[in-house]
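**Student:** upload.cif (mmCIF, C-alpha atoms and all ligand atoms) pasted underneath:
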```
data_data
loop_
_atom_site.label_atom_id
_atom_site.label_comp_id
_atom_site.auth_asym_id
_atom_site.auth_seq_id
_atom_site.Cartn_x
_atom_site.Cartn_y
_atom_site.Cartn_z
CA MET A 1 14.10 6.76 -19.04
CA THR A 2 16.00 4.34 -21.22
CA PRO A 3 17.79 1.38 -19.60
CA ALA A 4 21.09 3.04 -20.57
CA GLN A 5 20.09 6.25 -18.77
CA ILE A 6 19.08 4.31 -15.66
CA GLU A 7 22.47 2.61 -15.70
CA LEU A 8 24.27 5.95 -16.11
CA VAL A 9 22.40 7.47 -13.18
CA GLN A 10 23.08 4.44 -10.99
CA ARG A 11 26.75 4.30 -11.95
CA SER A 12 27.33 8.00 -11.37
CA PHE A 13 25.43 8.03 -8.08
CA ALA A 14 27.52 5.08 -6.86
CA MET A 15 30.60 7.29 -7.30
CA ILE A 16 29.30 9.97 -4.93
CA VAL A 17 27.11 8.07 -2.48
CA ARG A 18 30.09 7.39 -0.23
CA GLN A 19 30.55 11.14 0.21
CA PRO A 20 27.03 12.01 1.39
CA ASP A 21 28.08 14.96 3.55
CA GLU A 22 30.06 16.67 0.78
CA THR A 23 27.37 16.09 -1.84
CA ALA A 24 24.55 17.29 0.41
CA ALA A 25 26.54 20.33 1.58
CA LEU A 26 27.15 21.38 -2.04
CA PHE A 27 23.49 20.84 -2.85
CA TYR A 28 22.15 22.95 0.03
CA ARG A 29 24.73 25.69 -0.52
CA ARG A 30 23.69 25.99 -4.17
CA LEU A 31 19.97 25.76 -3.37
CA PHE A 32 20.16 28.60 -0.86
CA GLU A 33 22.15 30.68 -3.35
CA ILE A 34 19.48 30.17 -6.02
CA ASP A 35 16.55 30.61 -3.63
CA PRO A 36 17.51 32.04 -0.22
CA SER A 37 13.83 32.12 0.77
CA ARG A 38 13.81 28.32 1.16
CA LYS A 39 16.44 28.32 3.90
CA ALA A 40 13.89 29.04 6.63
CA LEU A 41 12.02 25.80 5.79
CA PHE A 42 14.95 23.73 7.04
CA THR A 43 14.71 23.79 10.79
CA GLY A 44 16.53 20.57 11.71
CA ASP A 45 20.21 19.60 11.79
CA MET A 46 21.50 20.02 8.23
CA ARG A 47 24.02 17.19 8.46
CA ARG A 48 21.26 14.78 9.46
CA GLN A 49 18.99 16.22 6.77
CA GLY A 50 21.72 15.73 4.17
CA LYS A 51 22.10 12.09 5.20
CA MET A 52 18.35 11.48 4.91
CA LEU A 53 18.33 13.09 1.47
CA MET A 54 21.24 10.97 0.23
CA ASP A 55 19.79 7.73 1.71
CA THR A 56 16.46 8.40 0.04
CA LEU A 57 18.06 9.29 -3.28
CA ASN A 58 20.08 6.09 -3.06
CA ILE A 59 16.93 4.00 -2.62
CA ILE A 60 15.13 5.76 -5.47
CA VAL A 61 18.12 5.65 -7.85
CA ASN A 62 18.60 1.94 -7.27
CA GLN A 63 14.97 1.15 -7.98
CA LEU A 64 14.54 3.23 -11.11
CA GLN A 65 14.05 0.12 -13.23
CA THR A 66 10.99 -0.86 -11.21
CA GLU A 67 9.26 2.52 -11.45
CA SER A 68 5.85 1.33 -10.25
CA THR A 69 7.30 -0.17 -7.06
CA ILE A 70 8.82 3.08 -5.82
CA GLN A 71 5.92 5.33 -6.83
CA PRO A 72 3.91 4.96 -3.56
CA ALA A 73 6.98 5.79 -1.45
CA ILE A 74 7.71 8.87 -3.59
CA GLU A 75 4.08 9.98 -3.24
CA ALA A 76 4.23 9.60 0.54
CA LEU A 77 7.50 11.61 0.56
CA ALA A 78 5.72 14.32 -1.43
CA ARG A 79 2.81 14.49 1.00
CA ARG A 80 5.23 14.94 3.92
CA HIS A 81 6.78 17.83 1.98
CA ILE A 82 3.50 19.75 2.07
CA ALA A 83 3.83 19.86 5.86
CA TYR A 84 7.41 21.16 5.51
CA GLY A 85 6.04 24.16 3.61
CA VAL A 86 7.37 23.05 0.21
CA GLU A 87 5.59 24.32 -2.89
CA VAL A 88 5.27 22.74 -6.33
CA LYS A 89 7.38 25.52 -7.86
CA ASP A 90 10.33 24.64 -5.56
CA PHE A 91 11.14 21.56 -7.63
CA THR A 92 12.75 23.75 -10.28
CA SER A 93 15.43 25.27 -8.04
CA VAL A 94 15.94 21.98 -6.17
CA GLY A 95 16.51 20.17 -9.49
CA THR A 96 19.01 22.80 -10.62
CA ALA A 97 20.91 22.63 -7.32
CA LEU A 98 20.90 18.83 -7.29
CA LEU A 99 22.29 18.52 -10.80
CA TRP A 100 24.86 21.19 -10.04
CA ALA A 101 26.02 19.31 -6.91
CA ILE A 102 26.26 15.99 -8.75
CA GLU A 103 28.22 17.62 -11.54
CA ALA A 104 30.53 19.36 -9.03
CA MET A 105 31.17 16.06 -7.23
CA LEU A 106 31.91 14.13 -10.43
CA GLY A 107 34.04 16.77 -12.11
CA ALA A 108 35.52 15.51 -15.38
CA GLU A 109 33.58 12.21 -15.05
CA PHE A 110 30.35 14.13 -15.64
CA SER A 111 29.27 13.88 -19.30
CA ILE A 112 26.50 15.41 -21.39
CA GLU A 113 24.83 12.00 -21.53
CA MET A 114 24.97 11.80 -17.75
CA ARG A 115 23.36 15.23 -17.45
CA LYS A 116 20.54 14.13 -19.77
CA ALA A 117 20.07 10.92 -17.78
CA TRP A 118 19.95 12.83 -14.47
CA MET A 119 17.49 15.33 -15.93
CA ALA A 120 15.25 12.44 -16.95
CA ALA A 121 15.56 10.81 -13.51
CA TYR A 122 14.82 14.06 -11.70
CA SER A 123 11.85 14.82 -13.97
CA PHE A 124 10.48 11.38 -13.23
CA VAL A 125 10.73 11.77 -9.43
CA ALA A 126 9.73 15.45 -9.32
CA GLY A 127 6.79 14.69 -11.63
CA ILE A 128 5.42 12.09 -9.21
CA MET A 129 6.00 14.40 -6.24
CA ARG A 130 4.38 17.45 -7.86
CA GLU A 131 1.36 15.41 -8.91
CA ALA A 132 0.96 13.91 -5.42
CA MET A 133 1.19 17.37 -3.86
CA ARG A 134 -1.40 18.78 -6.25
CA LYS A 135 -3.73 15.84 -5.55
CA ALA A 136 -3.36 16.27 -1.80
CA ALA A 137 -4.16 19.98 -2.14
CA THR A 138 -7.37 19.37 -4.11
CA PRO A 139 -10.31 18.61 -1.84
C1 LIG B 1 13.76 14.72 -5.48
C2 LIG B 1 13.10 15.48 -4.63
C3 LIG B 1 13.27 15.43 -3.13
C4 LIG B 1 13.73 14.42 -2.32
C5 LIG B 1 14.22 13.02 -2.73
C6 LIG B 1 13.67 14.90 -0.95
C7 LIG B 1 14.03 14.16 0.17
C8 LIG B 1 13.81 14.54 1.48
C9 LIG B 1 13.96 13.70 2.63
C10 LIG B 1 14.40 12.23 2.61
C11 LIG B 1 13.64 14.43 3.74
C12 LIG B 1 13.65 13.92 5.20
C13 LIG B 1 12.28 13.87 5.81
C14 LIG B 1 11.31 12.88 5.14
O1 LIG B 1 11.71 11.80 4.67
O2 LIG B 1 10.12 13.21 5.10
C15 LIG B 1 13.30 15.76 3.27
C16 LIG B 1 12.93 16.82 4.07
C17 LIG B 1 12.75 18.10 3.62
N1 LIG B 1 12.80 18.54 2.31
FE1 LIG B 1 13.00 17.37 0.70
N2 LIG B 1 13.22 16.18 -0.96
C18 LIG B 1 12.97 16.54 -2.25
C19 LIG B 1 12.49 17.75 -2.69
C20 LIG B 1 12.40 18.89 -1.90
C21 LIG B 1 12.04 20.21 -2.38
C22 LIG B 1 11.66 20.58 -3.82
C23 LIG B 1 12.11 21.04 -1.31
C24 LIG B 1 11.86 22.54 -1.36
C25 LIG B 1 12.74 23.41 -0.88
C26 LIG B 1 12.46 20.23 -0.14
C27 LIG B 1 12.57 20.69 1.17
C28 LIG B 1 12.58 19.88 2.29
C29 LIG B 1 12.39 20.37 3.66
C30 LIG B 1 12.12 21.82 4.05
C31 LIG B 1 12.47 19.26 4.51
C32 LIG B 1 12.33 19.25 6.03
C33 LIG B 1 13.59 19.79 6.67
C34 LIG B 1 13.51 19.92 8.18
O3 LIG B 1 12.73 19.19 8.80
O4 LIG B 1 14.28 20.72 8.69
N3 LIG B 1 12.63 18.94 -0.55
N4 LIG B 1 13.40 15.81 1.90
#
```
As a first step, turn the structure in this file into structure tokens.
Ligand code: HEM
**Tutor:**
Amino acid sequence: MTPAQIELVQRSFAMIVRQPDETAALFYRRLFEIDPSRKALFTGDMRRQGKMLMDTLNIIVNQLQTESTIQPAIEALARRHIAYGVEVKDFTSVGTALLWAIEAMLGAEFSIEMRKAWMAAYSFVAGIMREAMRKAATP
């Protein structure tokens, strides 16, 4: 990611982070529309889950400039996801739903450049998570 993209992601996330419930609700609604089969993996309270997702995204987004520092935490997050029943392929639909939710929250503020920046940020995080999951699965 370029420094300008990191700034765009941080600036746009700051606009929606104070509405975690709304953002998370949009995200899960879209995700379960795209892939209804994933709904059964979420067994806990969805409001609490949404909060955890937004808190974690906030931490990651605000540390994007120090990529190597957040990598171990993202890898640990990925390993926990194996136990939740998540598969490597799920990152595609989750990425689509996440970008859709961010765009829906930002409305007219959402630009093409912002979309590109978010795609780069998501690819970065999902790339680390996929790799960590694959590594954990290989004996
Ligand atoms: C950017 C990628 C992702 C982030 C930042 C993220 C974040 C989180 C966080 C913070 C939790 C709370 C528990 C914990 O910290 O271990 C969680 C749980 C969970 N995530 Fe993710 N996640 C991501 C990708 C995915 C994907 C691709 C799926 C596939 C559908 C998924 C499904 C789940 C499920 C099923 C749980 C457990 C829910 C429950 O206990 O009811 N996540 N995720």
**Student:** What separation in Å, quoted to one decimal, exists between atom N3 of ligand LIG 1 (chain B) and atom CA of Glu113 of chain A?
**Tutor:**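 Rounded to one decimal, the two atoms are 25.2 Å apart.
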**Student:** For the contact check between segment 69-128 of chain A and segment 1-15 of chain A, emit one row per residue of segment 69-128 of chain A within 10 Å, containing the shortest atom pair and the distance in Å rounded to one decimal, counting only C-alpha atoms, chain then rising number order, as CSV.
**Tutor:**
```
residue,atom,partner,partner_atom,distance
A:Ile102,CA,A:Phe13,CA,8.0
A:Glu103,CA,A:Ser12,CA,9.7
A:Met105,CA,A:Met15,CA,8.8
A:Leu106,CA,A:Met15,CA,7.6
A:Glu109,CA,A:Ser12,CA,8.4
A:Phe110,CA,A:Ser12,CA,8.1
A:Ser111,CA,A:Leu8,CA,9.9
A:Glu113,CA,A:Gln5,CA,7.9
A:Met114,CA,A:Leu8,CA,6.1
A:Arg115,CA,A:Val9,CA,8.9
A:Lys116,CA,A:Gln5,CA,8.0
A:Ala117,CA,A:Gln5,CA,4.8
A:Trp118,CA,A:Val9,CA,6.0
A:Met119,CA,A:Val9,CA,9.7
A:Ala120,CA,A:Met1,CA,6.2
A:Ala121,CA,A:Met1,CA,7.0
A:Ser123,CA,A:Met1,CA,9.8
A:Phe124,CA,A:Met1,CA,8.3
```
**Student:** Which residue out of A:Ile82, A:Leu77, A:Ile70, A:Ile16 has the minimum interatomic distance to Leu41 of chain A when all atoms listed in the file are used?
**Tutor:**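 Among the listed residues, A:Ile82 lies closest to Leu41 of chain A.
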**Student:** Smallest atom-to-atom distance to ligand LIG 1 (chain B): which of A:Leu53, A:Leu31, A:Ile128, A:Val17, using all atoms listed in the file?
**Tutor:**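 Closest to ligand LIG 1 (chain B), using all atoms listed in the file: A:Leu53.
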**Student:** Report as a PyMOL selection string all protein, DNA and RNA residues lying within 12 Å of Arg38 of chain A, evaluated on all atoms listed in the file, omitting residues in the same chain fewer than 2 positions from it.
**Tutor:** chain A and resi 28-36+40-43+84-87+89-91+93-94
**Student:** Could you write out the selected residues, including C-alpha atoms, as a compact mmCIF listing (two decimals), in the coordinates of the input?
**Tutor:**
```
# COMPACT_ATOMS: atom_id res chain seq x y z
CA TYR A 28 22.15 22.95 0.03
CA ARG A 29 24.73 25.69 -0.52
CA ARG A 30 23.69 25.99 -4.17
CA LEU A 31 19.97 25.76 -3.37
CA PHE A 32 20.16 28.60 -0.86
CA GLU A 33 22.15 30.68 -3.35
CA ILE A 34 19.48 30.17 -6.02
CA ASP A 35 16.55 30.61 -3.63
CA PRO A 36 17.51 32.04 -0.22
CA ALA A 40 13.89 29.04 6.63
CA LEU A 41 12.02 25.80 5.79
CA PHE A 42 14.95 23.73 7.04
CA THR A 43 14.71 23.79 10.79
CA TYR A 84 7.41 21.16 5.51
CA GLY A 85 6.04 24.16 3.61
CA VAL A 86 7.37 23.05 0.21
CA GLU A 87 5.59 24.32 -2.89
CA LYS A 89 7.38 25.52 -7.86
CA ASP A 90 10.33 24.64 -5.56
CA PHE A 91 11.14 21.56 -7.63
CA SER A 93 15.43 25.27 -8.04
CA VAL A 94 15.94 21.98 -6.17
```
**Student:** Have a look at A:Ala73, A:Gln63, A:Ala24, A:Ser68 and name the one nearest to Lys51 of chain A; count only C-alpha atoms.
**Tutor:**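 Of the candidates, the smallest distance to Lys51 of chain A is held by A:Ala24.
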**Student:** To one decimal in Å, tell me the separation between atom CA of Leu99 of chain A and atom CA of Asp55 of chain A.
**Tutor:** 16.7 Å
**Student:** Find, counting only C-alpha atoms, the residue in A:Gln19, A:Phe27, A:Tyr122, A:Met133 that gets nearest to Ala83 of chain A.
**Tutor:** A:Met133
**Student:** Interatomic distance between atom N2 of ligand LIG 1 (chain B) and atom CA of Ala101 of chain A?
**Tutor:** 14.5 Å
**Student:** Given the choices A:Pro139, A:Gly127, A:Gly44, A:Pro20, which gets closest to Leu57 of chain A if the distance is worked out from all atoms listed in the file?
**Tutor:** A:Pro20
**Student:** Identify, on the basis of all atoms listed in the file, every residue whose closest approach to Met129 of chain A does not exceed 6 Å; exclude the query and any residue fewer than 2 positions from it along the same chain; express the result as a PyMOL selection string.
**Tutor:** chain A and resi 75+78+126-127+131-132
**Student:** Given 6 Å of margin on each side, can you work out the centre and size in Å (one decimal) of an axis-aligned box holding every listed atom of ligand LIG 1 (chain B), as lines of an AutoDock Vina configuration file?
**Tutor:**
```
center_x = 12.3
center_y = 17.6
center_z = 1.7
size_x = 16.3
size_y = 23.6
size_z = 26.3
```
**Student:** Pick the closest to ligand LIG 1 (chain B) from A:Asp21, A:Gly50, A:Ile112, A:Thr69: which is it, counting only C-alpha atoms and all ligand atoms?
**Tutor:**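 Of the candidates, the smallest distance to ligand LIG 1 (chain B) is held by A:Gly50.
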**Student:** Starting from the incomplete input, reconstruct N, CA, C and O atoms of segment 2-23 of chain A and report them as a PDB file, in the coordinates of the input.
**Tutor:**
```pdb
ATOM      1  N   THR A   2      15.546   5.551 -20.529  1.00  0.00           N
ATOM      2  CA  THR A   2      16.000   4.340 -21.220  1.00  0.00           C
ATOM      3  C   THR A   2      16.832   3.508 -20.237  1.00  0.00           C
ATOM      4  O   THR A   2      17.369   4.051 -19.263  1.00  0.00           O
ATOM      5  N   PRO A   3      16.954   2.213 -20.485  1.00  0.00           N
ATOM      6  CA  PRO A   3      17.790   1.380 -19.600  1.00  0.00           C
ATOM      7  C   PRO A   3      19.225   1.924 -19.496  1.00  0.00           C
ATOM      8  O   PRO A   3      19.839   1.885 -18.428  1.00  0.00           O
ATOM      9  N   ALA A   4      19.733   2.482 -20.597  1.00  0.00           N
ATOM     10  CA  ALA A   4      21.090   3.040 -20.570  1.00  0.00           C
ATOM     11  C   ALA A   4      21.166   4.256 -19.645  1.00  0.00           C
ATOM     12  O   ALA A   4      22.163   4.454 -18.933  1.00  0.00           O
ATOM     13  N   GLN A   5      20.111   5.067 -19.654  1.00  0.00           N
ATOM     14  CA  GLN A   5      20.090   6.250 -18.770  1.00  0.00           C
ATOM     15  C   GLN A   5      20.005   5.821 -17.299  1.00  0.00           C
ATOM     16  O   GLN A   5      20.678   6.402 -16.445  1.00  0.00           O
ATOM     17  N   ILE A   6      19.190   4.810 -17.042  1.00  0.00           N
ATOM     18  CA  ILE A   6      19.080   4.310 -15.660  1.00  0.00           C
ATOM     19  C   ILE A   6      20.445   3.827 -15.185  1.00  0.00           C
ATOM     20  O   ILE A   6      20.900   4.148 -14.079  1.00  0.00           O
ATOM     21  N   GLU A   7      21.142   3.119 -16.059  1.00  0.00           N
ATOM     22  CA  GLU A   7      22.470   2.610 -15.700  1.00  0.00           C
ATOM     23  C   GLU A   7      23.456   3.752 -15.443  1.00  0.00           C
ATOM     24  O   GLU A   7      24.246   3.704 -14.492  1.00  0.00           O
ATOM     25  N   LEU A   8      23.374   4.785 -16.274  1.00  0.00           N
ATOM     26  CA  LEU A   8      24.270   5.950 -16.110  1.00  0.00           C
ATOM     27  C   LEU A   8      24.029   6.656 -14.779  1.00  0.00           C
ATOM     28  O   LEU A   8      24.972   7.042 -14.089  1.00  0.00           O
ATOM     29  N   VAL A   9      22.750   6.811 -14.443  1.00  0.00           N
ATOM     30  CA  VAL A   9      22.400   7.470 -13.180  1.00  0.00           C
ATOM     31  C   VAL A   9      22.894   6.623 -12.005  1.00  0.00           C
ATOM     32  O   VAL A   9      23.505   7.131 -11.066  1.00  0.00           O
ATOM     33  N   GLN A  10      22.669   5.309 -12.093  1.00  0.00           N
ATOM     34  CA  GLN A  10      23.080   4.440 -10.990  1.00  0.00           C
ATOM     35  C   GLN A  10      24.599   4.421 -10.849  1.00  0.00           C
ATOM     36  O   GLN A  10      25.144   4.481  -9.746  1.00  0.00           O
ATOM     37  N   ARG A  11      25.280   4.354 -11.980  1.00  0.00           N
ATOM     38  CA  ARG A  11      26.750   4.300 -11.950  1.00  0.00           C
ATOM     39  C   ARG A  11      27.333   5.604 -11.412  1.00  0.00           C
ATOM     40  O   ARG A  11      28.243   5.591 -10.590  1.00  0.00           O
ATOM     41  N   SER A  12      26.785   6.726 -11.838  1.00  0.00           N
ATOM     42  CA  SER A  12      27.330   8.000 -11.370  1.00  0.00           C
ATOM     43  C   SER A  12      26.976   8.260  -9.904  1.00  0.00           C
ATOM     44  O   SER A  12      27.781   8.794  -9.146  1.00  0.00           O
ATOM     45  N   PHE A  13      25.788   7.825  -9.488  1.00  0.00           N
ATOM     46  CA  PHE A  13      25.430   8.030  -8.080  1.00  0.00           C
ATOM     47  C   PHE A  13      26.308   7.172  -7.170  1.00  0.00           C
ATOM     48  O   PHE A  13      26.684   7.604  -6.079  1.00  0.00           O
ATOM     49  N   ALA A  14      26.647   5.969  -7.651  1.00  0.00           N
ATOM     50  CA  ALA A  14      27.520   5.080  -6.860  1.00  0.00           C
ATOM     51  C   ALA A  14      28.869   5.746  -6.585  1.00  0.00           C
ATOM     52  O   ALA A  14      29.506   5.480  -5.571  1.00  0.00           O
ATOM     53  N   MET A  15      29.296   6.622  -7.481  1.00  0.00           N
ATOM     54  CA  MET A  15      30.600   7.290  -7.300  1.00  0.00           C
ATOM     55  C   MET A  15      30.544   8.345  -6.209  1.00  0.00           C
ATOM     56  O   MET A  15      31.571   8.716  -5.655  1.00  0.00           O
ATOM     57  N   ILE A  16      29.361   8.876  -5.915  1.00  0.00           N
ATOM     58  CA  ILE A  16      29.300   9.970  -4.930  1.00  0.00           C
ATOM     59  C   ILE A  16      28.571   9.589  -3.642  1.00  0.00           C
ATOM     60  O   ILE A  16      28.640  10.327  -2.669  1.00  0.00           O
ATOM     61  N   VAL A  17      27.937   8.425  -3.648  1.00  0.00           N
ATOM     62  CA  VAL A  17      27.110   8.070  -2.480  1.00  0.00           C
ATOM     63  C   VAL A  17      27.959   7.856  -1.221  1.00  0.00           C
ATOM     64  O   VAL A  17      27.467   7.993  -0.103  1.00  0.00           O
ATOM     65  N   ARG A  18      29.235   7.571  -1.413  1.00  0.00           N
ATOM     66  CA  ARG A  18      30.090   7.390  -0.230  1.00  0.00           C
ATOM     67  C   ARG A  18      30.600   8.717   0.316  1.00  0.00           C
ATOM     68  O   ARG A  18      31.326   8.751   1.293  1.00  0.00           O
ATOM     69  N   GLN A  19      30.215   9.808  -0.316  1.00  0.00           N
ATOM     70  CA  GLN A  19      30.550  11.140   0.210  1.00  0.00           C
ATOM     71  C   GLN A  19      29.251  11.933   0.405  1.00  0.00           C
ATOM     72  O   GLN A  19      29.051  12.990  -0.215  1.00  0.00           O
ATOM     73  N   PRO A  20      28.349  11.380   1.254  1.00  0.00           N
ATOM     74  CA  PRO A  20      27.030  12.010   1.390  1.00  0.00           C
ATOM     75  C   PRO A  20      27.111  13.430   1.956  1.00  0.00           C
ATOM     76  O   PRO A  20      26.374  14.313   1.517  1.00  0.00           O
ATOM     77  N   ASP A  21      28.010  13.637   2.923  1.00  0.00           N
ATOM     78  CA  ASP A  21      28.080  14.960   3.550  1.00  0.00           C
ATOM     79  C   ASP A  21      28.508  16.027   2.549  1.00  0.00           C
ATOM     80  O   ASP A  21      27.914  17.105   2.481  1.00  0.00           O
ATOM     81  N   GLU A  22      29.536  15.708   1.761  1.00  0.00           N
ATOM     82  CA  GLU A  22      30.060  16.670   0.780  1.00  0.00           C
ATOM     83  C   GLU A  22      29.003  16.981  -0.273  1.00  0.00           C
ATOM     84  O   GLU A  22      28.770  18.146  -0.623  1.00  0.00           O
ATOM     85  N   THR A  23      28.371  15.908  -0.780  1.00  0.00           N
ATOM     86  CA  THR A  23      27.370  16.090  -1.840  1.00  0.00           C
ATOM     87  C   THR A  23      26.200  16.935  -1.330  1.00  0.00           C
ATOM     88  O   THR A  23      25.778  17.895  -1.984  1.00  0.00           O
TER      89      THR A  23
END
```
